[in-house]
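Before any comments, here is the structure.
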Amino acid sequence: LGQARPSPKVSRRIALLESRRLYLHRHSLAFHFRQKKNRIRERPSRNWLALPVEPSRSEHQMLEHDHLYPENAQDGDPLIVALHGRGSDKGDLIGLARHLPPDALLVAPRAPFPGAQWGYGNGWAWYQFLGGTTPSPETFVGGQAALADFMKRLPGELPIKPGKTIIGGFSQGGSTSLAYAALNPGAVVGVFVLSGLVVSNPAMQAAMGNLKGVPIFWGHGTHDPMIPFATAQTGEAAVRAAGADLTAFDYPMTHTISPQELDDLRAWLDAIVAS
């Protein structure tokens, strides 16, 4: 015998009960997840340990950079890496291009540390400056590591295989360039320091001997209020004592770059490239 079918009235009753059961089930789940979300939201915040300041990049991220290449660049053309000063940015020294040898490739990287955390405005820094000639040890090491990684990977980013590599910069960029040359002997054929200094750091002091024979251009203003001329003279003496091939000029200016300095720098660069 076939199974008896419920009457229409009973069927409607069953459907109503089933819809109520589903309604209660759904709202029970919704309540459960709301409670769980609230528990997560109300969870007390952790007390994180203070960690050393790190560059604003991942371990495998190359420093950002601007560049200008000659239209007909070819293998063997000189590469000039220009480092900006404290609180500035990668585009600051791109204007040097018209004062460089015509076949030179110009690359200007951005320093790894945001300057705002140390009161340097919206620009960037190669290390935290503690006063005098002293960088904080941690940021000096971190900045040099970031720069060394950049220099190692840079040839693979260029359209040609570069020839001689020269590094330099303004203010903190010049000081960082000088330290890079000392800490990475043979990596560059020359260094230019525009209104910079020799940093007081044990690693730098230990590596000064690596500057022996390295051509170095050093220009500084006699009225510099940021890095006093006396500080520059002390740095020049240290570089000269290390046996570097130093070419030093002083100019009646403040913490800046003068047209005469650019002319002198161009003559020095031409001689390095031609040698």
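As shown in the structure tokens, the chain order sets the letters A, B, ...; within each chain, residues go from 1, and ligands are also counted from 1 in the order they appear.
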
_Give me, as a VMD selection string, all polymer residues having an atom no more than 6 Å from stretch 117-125 of chain A, counting only C-alpha atoms and skipping those fewer than 5 positions away in the same chain._
chain A and resid 86 to 89 111

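Omitting A:His223 and its sequence neighbours fewer than 4 positions away, and counting only C-alpha atoms, the residues within 9 Å are A:Pro228, A:Phe229, A:Tyr251, A:Pro252, A:Met253, A:Thr254, A:His255.
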
*If you count only C-alpha atoms, which residues fall within 10 Å of stretch 146-155 of chain A, apart from same-chain ones fewer than 6 positions away, as JSON, numbers by chain?*
{"A": [55, 57, 59, 60, 61, 62, 63, 64, 65, 79, 81, 83, 107, 109, 110, 111, 112, 113, 126, 140, 161, 162, 165, 167, 176, 177, 180, 181, 183, 184, 187, 188]}

_Close residues, A:Asp264 itself excluded, 10 Å, only C-alpha atoms, min 6 positions apart in chain, as a PyMOL selection string_ = chain A and resi 99+217+219+247-249+258

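Using only C-alpha atoms for every distance, the candidate list A:Leu178, A:Ile257, A:Ile227, A:Ala241 yields A:Ile257 as the residue closest to A:Asp92.
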
*as a ChimeraX atom specification, please: all residues of stretch 44-256 of chain A that backbone DSSP puts in alpha helix (DSSP H).*
/A:137-153,172-183,202-207,229-241

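In this structure, atom CA of A:Ala244 sits 23.1 Å away from atom CA of A:His84.
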
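Minimum atom-to-atom distances from A:Asp224, A:Glu236, A:Asp270, A:Glu261 to A:Gly190 were compared using only C-alpha atoms, and the lowest value belongs to A:Asp270.
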
*Taking the chain letters and numbering used in this document, name the residues of stretch 65-192 of chain A that DSSP puts in strand (DSSP E or B), as a ChimeraX atom specification.*
/A:65-68,79-83,88,105-109,113-114,124-125,129-131,134-135,165-170,190-192

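Using only C-alpha atoms, the shortest contact distance between A:Ile80 and any of A:Leu262, A:Leu194, A:Ile166, A:Ala97 is found at A:Ile166.
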
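Of the residues listed (A:Leu158, A:Ile272, A:Ala207, A:Val199), A:Val199 shows the shortest atom-to-atom separation from A:Gly174; distances use only C-alpha atoms.
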
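Reported to one decimal place, the separation of atom CA of A:Ala108 from atom CA of A:Ile216 is 19.0 Å.
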